[in-house]
$ cat structure_23.cif   # mmCIF, N, CA and C atoms and all ligand atoms
data_input
#
loop_
_atom_site.label_atom_id
_atom_site.label_comp_id
_atom_site.auth_asym_id
_atom_site.auth_seq_id
_atom_site.Cartn_x
_atom_site.Cartn_y
_atom_site.Cartn_z
N MET A 1 73.11 64.48 152.16
CA MET A 1 73.03 65.10 150.82
C MET A 1 74.44 65.28 150.26
N THR A 2 74.62 64.90 149.04
CA THR A 2 75.91 65.05 148.39
C THR A 2 75.73 65.64 147.00
N MET A 3 76.72 66.35 146.54
CA MET A 3 76.63 66.97 145.22
C MET A 3 76.78 65.95 144.10
N LYS A 4 77.09 64.69 144.44
CA LYS A 4 77.08 63.63 143.43
C LYS A 4 75.69 63.48 142.83
N ASN A 5 74.68 63.91 143.56
CA ASN A 5 73.32 63.81 143.06
C ASN A 5 72.96 64.96 142.12
N GLY A 6 73.89 65.90 141.96
CA GLY A 6 73.66 66.96 140.98
C GLY A 6 73.06 68.23 141.51
N GLN A 7 72.95 68.35 142.84
CA GLN A 7 72.43 69.61 143.40
C GLN A 7 73.43 70.19 144.37
N CYS A 8 73.61 71.51 144.32
CA CYS A 8 74.58 72.17 145.19
C CYS A 8 74.08 72.17 146.62
N ARG A 9 74.96 71.78 147.53
CA ARG A 9 74.65 71.75 148.95
C ARG A 9 74.53 73.15 149.52
N SER A 10 75.21 74.10 148.89
CA SER A 10 75.25 75.44 149.44
C SER A 10 74.11 76.33 148.95
N CYS A 11 73.90 76.39 147.61
CA CYS A 11 72.91 77.33 147.08
C CYS A 11 71.71 76.63 146.45
N GLY A 12 71.76 75.30 146.27
CA GLY A 12 70.62 74.58 145.72
C GLY A 12 70.57 74.53 144.21
N SER A 13 71.56 75.13 143.54
CA SER A 13 71.59 75.12 142.07
C SER A 13 71.79 73.70 141.54
N PHE A 14 71.27 73.43 140.34
CA PHE A 14 71.43 72.12 139.72
C PHE A 14 72.55 72.12 138.69
N ASP A 15 73.30 73.22 138.58
CA ASP A 15 74.36 73.29 137.57
C ASP A 15 75.69 72.87 138.19
N ILE A 16 75.88 71.56 138.35
CA ILE A 16 77.08 71.02 138.98
C ILE A 16 77.97 70.41 137.90
N ARG A 17 79.23 70.74 137.91
CA ARG A 17 80.20 70.17 136.96
C ARG A 17 81.17 69.30 137.74
N SER A 18 81.64 68.25 137.07
CA SER A 18 82.52 67.30 137.73
C SER A 18 83.67 66.92 136.82
N ASN A 19 84.83 66.63 137.44
CA ASN A 19 85.97 66.14 136.66
C ASN A 19 86.08 64.62 136.77
N ARG A 20 84.98 63.97 137.13
CA ARG A 20 85.01 62.54 137.38
C ARG A 20 85.47 61.75 136.15
N ASN A 21 85.02 62.14 134.97
CA ASN A 21 85.44 61.45 133.75
C ASN A 21 86.56 62.21 133.07
N ARG A 22 87.53 62.63 133.85
CA ARG A 22 88.59 63.49 133.36
C ARG A 22 89.44 62.78 132.31
N LYS A 23 89.85 63.54 131.32
CA LYS A 23 90.77 63.02 130.31
C LYS A 23 92.13 63.69 130.50
N PHE A 24 92.37 64.16 131.71
CA PHE A 24 93.65 64.80 132.04
C PHE A 24 94.12 64.23 133.36
N PRO A 25 95.40 64.32 133.66
CA PRO A 25 95.91 63.78 134.93
C PRO A 25 95.22 64.45 136.11
N ALA A 26 94.90 63.67 137.12
CA ALA A 26 94.24 64.23 138.29
C ALA A 26 95.19 65.11 139.06
N LEU A 27 94.89 66.38 139.11
CA LEU A 27 95.74 67.31 139.87
C LEU A 27 95.28 67.40 141.31
N ASN A 28 94.04 67.07 141.54
CA ASN A 28 93.53 67.10 142.91
C ASN A 28 93.88 65.80 143.59
N THR A 29 94.90 65.84 144.42
CA THR A 29 95.31 64.64 145.14
C THR A 29 95.44 64.95 146.61
N MET A 30 95.44 63.90 147.41
CA MET A 30 95.59 64.04 148.85
C MET A 30 96.62 63.02 149.29
N THR A 31 97.55 63.43 150.13
CA THR A 31 98.54 62.49 150.64
C THR A 31 97.90 61.56 151.64
N LEU A 32 98.04 60.26 151.44
CA LEU A 32 97.44 59.29 152.36
C LEU A 32 98.41 58.80 153.40
N GLY A 33 99.69 58.68 153.03
CA GLY A 33 100.67 58.17 153.98
C GLY A 33 101.96 57.86 153.26
N LEU A 34 102.91 57.32 154.00
CA LEU A 34 104.20 57.00 153.40
C LEU A 34 104.20 55.53 152.98
N GLY A 35 104.41 55.29 151.70
CA GLY A 35 104.50 53.92 151.21
C GLY A 35 105.89 53.38 151.39
N ASN A 36 106.22 52.29 150.71
CA ASN A 36 107.54 51.67 150.84
C ASN A 36 108.63 52.54 150.23
N SER A 37 108.40 53.05 149.03
CA SER A 37 109.43 53.84 148.38
C SER A 37 109.04 55.31 148.28
N SER A 38 107.77 55.58 148.08
CA SER A 38 107.35 56.97 147.97
C SER A 38 106.01 57.15 148.66
N ALA A 39 105.62 58.39 148.85
CA ALA A 39 104.36 58.67 149.52
C ALA A 39 103.20 58.17 148.68
N ARG A 40 102.13 57.82 149.35
CA ARG A 40 100.95 57.33 148.66
C ARG A 40 99.94 58.47 148.54
N TYR A 41 99.40 58.64 147.33
CA TYR A 41 98.43 59.70 147.09
C TYR A 41 97.11 59.10 146.62
N ALA A 42 96.04 59.80 146.90
CA ALA A 42 94.73 59.42 146.38
C ALA A 42 94.25 60.50 145.42
N ALA A 43 93.71 60.08 144.29
CA ALA A 43 93.09 61.04 143.37
C ALA A 43 91.71 61.41 143.90
N LEU A 44 91.35 62.67 143.72
CA LEU A 44 90.06 63.14 144.21
C LEU A 44 89.14 63.51 143.05
N ASP A 45 87.91 63.02 143.11
CA ASP A 45 86.88 63.51 142.20
C ASP A 45 86.35 64.82 142.76
N THR A 46 86.28 65.82 141.92
CA THR A 46 85.85 67.13 142.39
C THR A 46 84.55 67.54 141.73
N TYR A 47 83.66 68.07 142.53
CA TYR A 47 82.37 68.57 142.04
C TYR A 47 82.30 70.06 142.32
N VAL A 48 82.00 70.84 141.28
CA VAL A 48 81.97 72.28 141.43
C VAL A 48 80.60 72.81 141.05
N CYS A 49 80.04 73.66 141.90
CA CYS A 49 78.81 74.37 141.54
C CYS A 49 79.22 75.63 140.78
N VAL A 50 78.80 75.73 139.52
CA VAL A 50 79.23 76.89 138.73
C VAL A 50 78.34 78.09 139.01
N ASN A 51 77.37 77.94 139.88
CA ASN A 51 76.53 79.07 140.26
C ASN A 51 77.16 79.84 141.42
N CYS A 52 77.60 79.14 142.47
CA CYS A 52 78.14 79.84 143.64
C CYS A 52 79.60 79.51 143.90
N GLY A 53 80.17 78.49 143.21
CA GLY A 53 81.57 78.20 143.39
C GLY A 53 81.88 77.18 144.45
N TYR A 54 80.88 76.62 145.07
CA TYR A 54 81.09 75.62 146.11
C TYR A 54 81.74 74.37 145.52
N VAL A 55 82.70 73.79 146.24
CA VAL A 55 83.45 72.63 145.77
C VAL A 55 83.33 71.49 146.76
N GLU A 56 83.10 70.28 146.23
CA GLU A 56 83.14 69.08 147.06
C GLU A 56 84.13 68.11 146.44
N SER A 57 84.90 67.42 147.27
CA SER A 57 85.88 66.46 146.77
C SER A 57 85.62 65.09 147.39
N TYR A 58 85.84 64.05 146.59
CA TYR A 58 85.66 62.68 147.07
C TYR A 58 86.86 61.83 146.67
N VAL A 59 87.31 60.97 147.56
CA VAL A 59 88.34 60.00 147.21
C VAL A 59 87.76 59.09 146.14
N ALA A 60 88.51 58.91 145.04
CA ALA A 60 87.95 58.26 143.86
C ALA A 60 87.91 56.74 143.98
N SER A 61 88.95 56.12 144.51
CA SER A 61 89.00 54.66 144.43
C SER A 61 88.76 53.98 145.76
N PRO A 62 88.09 52.83 145.75
CA PRO A 62 87.80 52.06 146.97
C PRO A 62 89.09 51.59 147.66
N GLU A 63 90.16 51.32 146.89
CA GLU A 63 91.43 50.90 147.50
C GLU A 63 91.97 52.01 148.40
N ASP A 64 91.87 53.26 147.94
CA ASP A 64 92.35 54.37 148.75
C ASP A 64 91.51 54.52 150.01
N LEU A 65 90.21 54.30 149.89
CA LEU A 65 89.34 54.39 151.07
C LEU A 65 89.70 53.31 152.08
N ASN A 66 90.02 52.11 151.59
CA ASN A 66 90.45 51.04 152.49
C ASN A 66 91.73 51.41 153.21
N TYR A 67 92.66 52.01 152.44
CA TYR A 67 93.94 52.42 153.03
C TYR A 67 93.70 53.42 154.16
N ILE A 68 92.82 54.39 153.93
CA ILE A 68 92.53 55.41 154.94
C ILE A 68 91.89 54.77 156.16
N GLN A 69 90.98 53.84 155.92
CA GLN A 69 90.31 53.16 157.04
C GLN A 69 91.32 52.42 157.91
N ASP A 70 92.35 51.85 157.27
CA ASP A 70 93.34 51.08 158.02
C ASP A 70 94.37 51.96 158.71
N ASN A 71 94.67 53.13 158.16
CA ASN A 71 95.83 53.88 158.63
C ASN A 71 95.51 55.22 159.29
N TRP A 72 94.35 55.75 159.04
CA TRP A 72 94.04 57.06 159.62
C TRP A 72 93.28 56.90 160.91
N GLU A 73 93.43 57.90 161.76
CA GLU A 73 92.76 57.88 163.05
C GLU A 73 91.28 58.22 162.90
N SER A 74 90.47 57.57 163.68
CA SER A 74 89.04 57.86 163.64
C SER A 74 88.73 59.14 164.40
N VAL A 75 87.80 59.93 163.87
CA VAL A 75 87.43 61.18 164.52
C VAL A 75 86.46 60.91 165.67
N GLY A 76 85.57 59.96 165.48
CA GLY A 76 84.59 59.65 166.51
C GLY A 76 83.44 60.64 166.49
N VAL A 77 82.43 60.37 167.29
CA VAL A 77 81.25 61.23 167.35
C VAL A 77 81.39 62.15 168.55
N LYS A 78 81.11 63.44 168.35
CA LYS A 78 81.39 64.40 169.41
C LYS A 78 80.16 65.04 169.99
N CYS A 79 78.97 64.53 169.69
CA CYS A 79 77.77 65.22 170.17
C CYS A 79 77.58 65.02 171.67
N GLU A 80 78.24 64.03 172.27
CA GLU A 80 78.07 63.78 173.69
C GLU A 80 78.49 65.00 174.52
N ASN A 81 79.55 65.68 174.12
CA ASN A 81 80.04 66.84 174.84
C ASN A 81 79.01 67.97 174.88
N THR A 82 78.35 68.21 173.76
CA THR A 82 77.40 69.32 173.72
C THR A 82 76.20 69.02 174.60
N VAL A 83 75.79 67.74 174.67
CA VAL A 83 74.68 67.37 175.55
C VAL A 83 75.07 67.63 176.99
N ARG A 84 76.30 67.27 177.34
CA ARG A 84 76.76 67.43 178.71
C ARG A 84 76.80 68.90 179.12
N SER A 85 77.33 69.77 178.25
CA SER A 85 77.46 71.17 178.63
C SER A 85 76.07 71.83 178.72
N ARG A 86 75.11 71.33 177.93
CA ARG A 86 73.78 71.88 178.01
C ARG A 86 73.16 71.53 179.36
N LYS A 87 73.39 70.31 179.82
CA LYS A 87 72.87 69.89 181.12
C LYS A 87 73.44 70.76 182.23
N ASN A 88 74.73 71.08 182.17
CA ASN A 88 75.37 71.88 183.19
C ASN A 88 74.71 73.25 183.34
N SER A 89 74.36 73.87 182.22
CA SER A 89 73.78 75.20 182.31
C SER A 89 72.35 75.14 182.83
N ASP A 90 71.68 73.98 182.61
CA ASP A 90 70.33 73.81 183.16
C ASP A 90 70.34 73.76 184.68
N GLN A 91 71.46 73.25 185.21
CA GLN A 91 71.52 73.05 186.66
C GLN A 91 71.81 74.34 187.43
N LEU A 92 72.10 75.43 186.75
CA LEU A 92 72.31 76.70 187.48
C LEU A 92 71.04 77.02 188.26
N PRO A 93 71.12 77.02 189.57
CA PRO A 93 69.90 77.09 190.38
C PRO A 93 69.42 78.53 190.56
N PRO A 94 68.21 78.82 190.12
CA PRO A 94 67.62 80.14 190.38
C PRO A 94 67.14 80.22 191.82
N ARG A 95 67.08 79.06 192.51
CA ARG A 95 66.58 79.02 193.89
C ARG A 95 67.54 79.72 194.85
N HIS A 96 68.82 79.74 194.49
CA HIS A 96 69.82 80.30 195.39
C HIS A 96 69.48 81.75 195.74
N ASP A 97 69.04 82.48 194.72
CA ASP A 97 68.70 83.88 194.91
C ASP A 97 67.49 84.02 195.82
N GLU A 98 66.47 83.16 195.60
CA GLU A 98 65.26 83.18 196.42
C GLU A 98 65.58 82.96 197.90
N HIS A 99 66.44 81.98 198.15
CA HIS A 99 66.80 81.62 199.50
C HIS A 99 67.43 82.81 200.22
N TRP A 100 68.30 83.47 199.50
CA TRP A 100 69.00 84.61 200.09
C TRP A 100 68.02 85.72 200.45
N ARG A 101 67.00 85.90 199.60
CA ARG A 101 66.03 86.96 199.81
C ARG A 101 65.20 86.70 201.08
N THR A 102 64.73 85.44 201.24
CA THR A 102 63.91 85.13 202.43
C THR A 102 64.73 85.32 203.70
N GLN A 103 66.02 85.00 203.62
CA GLN A 103 66.87 85.16 204.81
C GLN A 103 66.96 86.61 205.24
N THR A 104 67.11 87.50 204.26
CA THR A 104 67.26 88.92 204.62
C THR A 104 65.97 89.47 205.18
N LEU A 105 64.82 88.92 204.71
CA LEU A 105 63.54 89.37 205.23
C LEU A 105 63.39 89.03 206.70
N HIS A 106 63.87 87.87 207.09
CA HIS A 106 63.73 87.41 208.45
C HIS A 106 64.56 88.22 209.43
N SER A 107 65.73 88.62 209.00
CA SER A 107 66.63 89.24 209.95
C SER A 107 66.34 90.69 210.20
ZN ZN B 201 76.01 76.51 144.56
#
$ encode --input "structure_23.cif" --output "structure tokens"
Amino acid sequence: MTMKNGQCRSCGSFDIRSNRNRKFPALNTMTLGLGNSSARYAALDTYVCVNCGYVESYVASPEDLNYIQDNWESVGVKCENTVRSRKNSDQLPPRHDEHWRTQTLHS
């Protein structure tokens, strides 16, 4: 779900405003990297929910997205770790306590 579709991701309001067709210089920029002579910036399209104030930003041009794909590090998918830690807690054996109890009964 994205606010480009006109609905707020946070509160569900349909009153979304955008500076996409801005007639003013883009002040929302992000540094992409160091170019040959000066740093390279990307202009951001910003979407604002005027009901709750939630803001979403998108890189505006496909060239900037290509640059990021070539130069930025990939984050990767991290859900594998959470699956692993869940398995570990499942393996905590409740049998250990039972075993100890039967031993004390015998002695
Ligand atoms: Zn909202």
$ residues_near_ligand --input "structure_23.cif" --ligand "ligand ZN 201 (chain B)" --cutoff "12 Å" --atoms "only C-alpha atoms and all ligand atoms" --output "VMD selection string"
chain A and resid 3 6 to 17 47 to 56
$ residues_around --input "structure_23.cif" --residues "Asp45 of chain A" --least-positions-apart "5" --cutoff "7 Å" --atoms "only C-alpha atoms" --output "tab-separated table (two decimals) with N, CA and C atoms, in the frame of the given file"
chain	number	residue	atom	x	y	z
A	19	ASN	N	84.83	66.63	137.44
A	19	ASN	CA	85.97	66.14	136.66
A	19	ASN	C	86.08	64.62	136.77
A	20	ARG	N	84.98	63.97	137.13
A	20	ARG	CA	85.01	62.54	137.38
A	20	ARG	C	85.47	61.75	136.15
A	57	SER	N	84.90	67.42	147.27
A	57	SER	CA	85.88	66.46	146.77
A	57	SER	C	85.62	65.09	147.39
A	58	TYR	N	85.84	64.05	146.59
A	58	TYR	CA	85.66	62.68	147.07
A	58	TYR	C	86.86	61.83	146.67
A	59	VAL	N	87.31	60.97	147.56
A	59	VAL	CA	88.34	60.00	147.21
A	59	VAL	C	87.76	59.09	146.14
A	60	ALA	N	88.51	58.91	145.04
A	60	ALA	CA	87.95	58.26	143.86
A	60	ALA	C	87.91	56.74	143.98
$ atom_distance --input "structure_23.cif" --atom1 "atom N of Asn71 of chain A" --atom2 "atom N of Thr29 of chain A"
18.7 Å
$ atom_distance --input "structure_23.cif" --atom1 "atom CA of Ala42 of chain A" --atom2 "atom CA of Tyr67 of chain A"
9.7 Å
$ atom_distance --input "structure_23.cif" --atom1 "atom N of Gly33 of chain A" --atom2 "atom CA of Pro62 of chain A"
14.9 Å
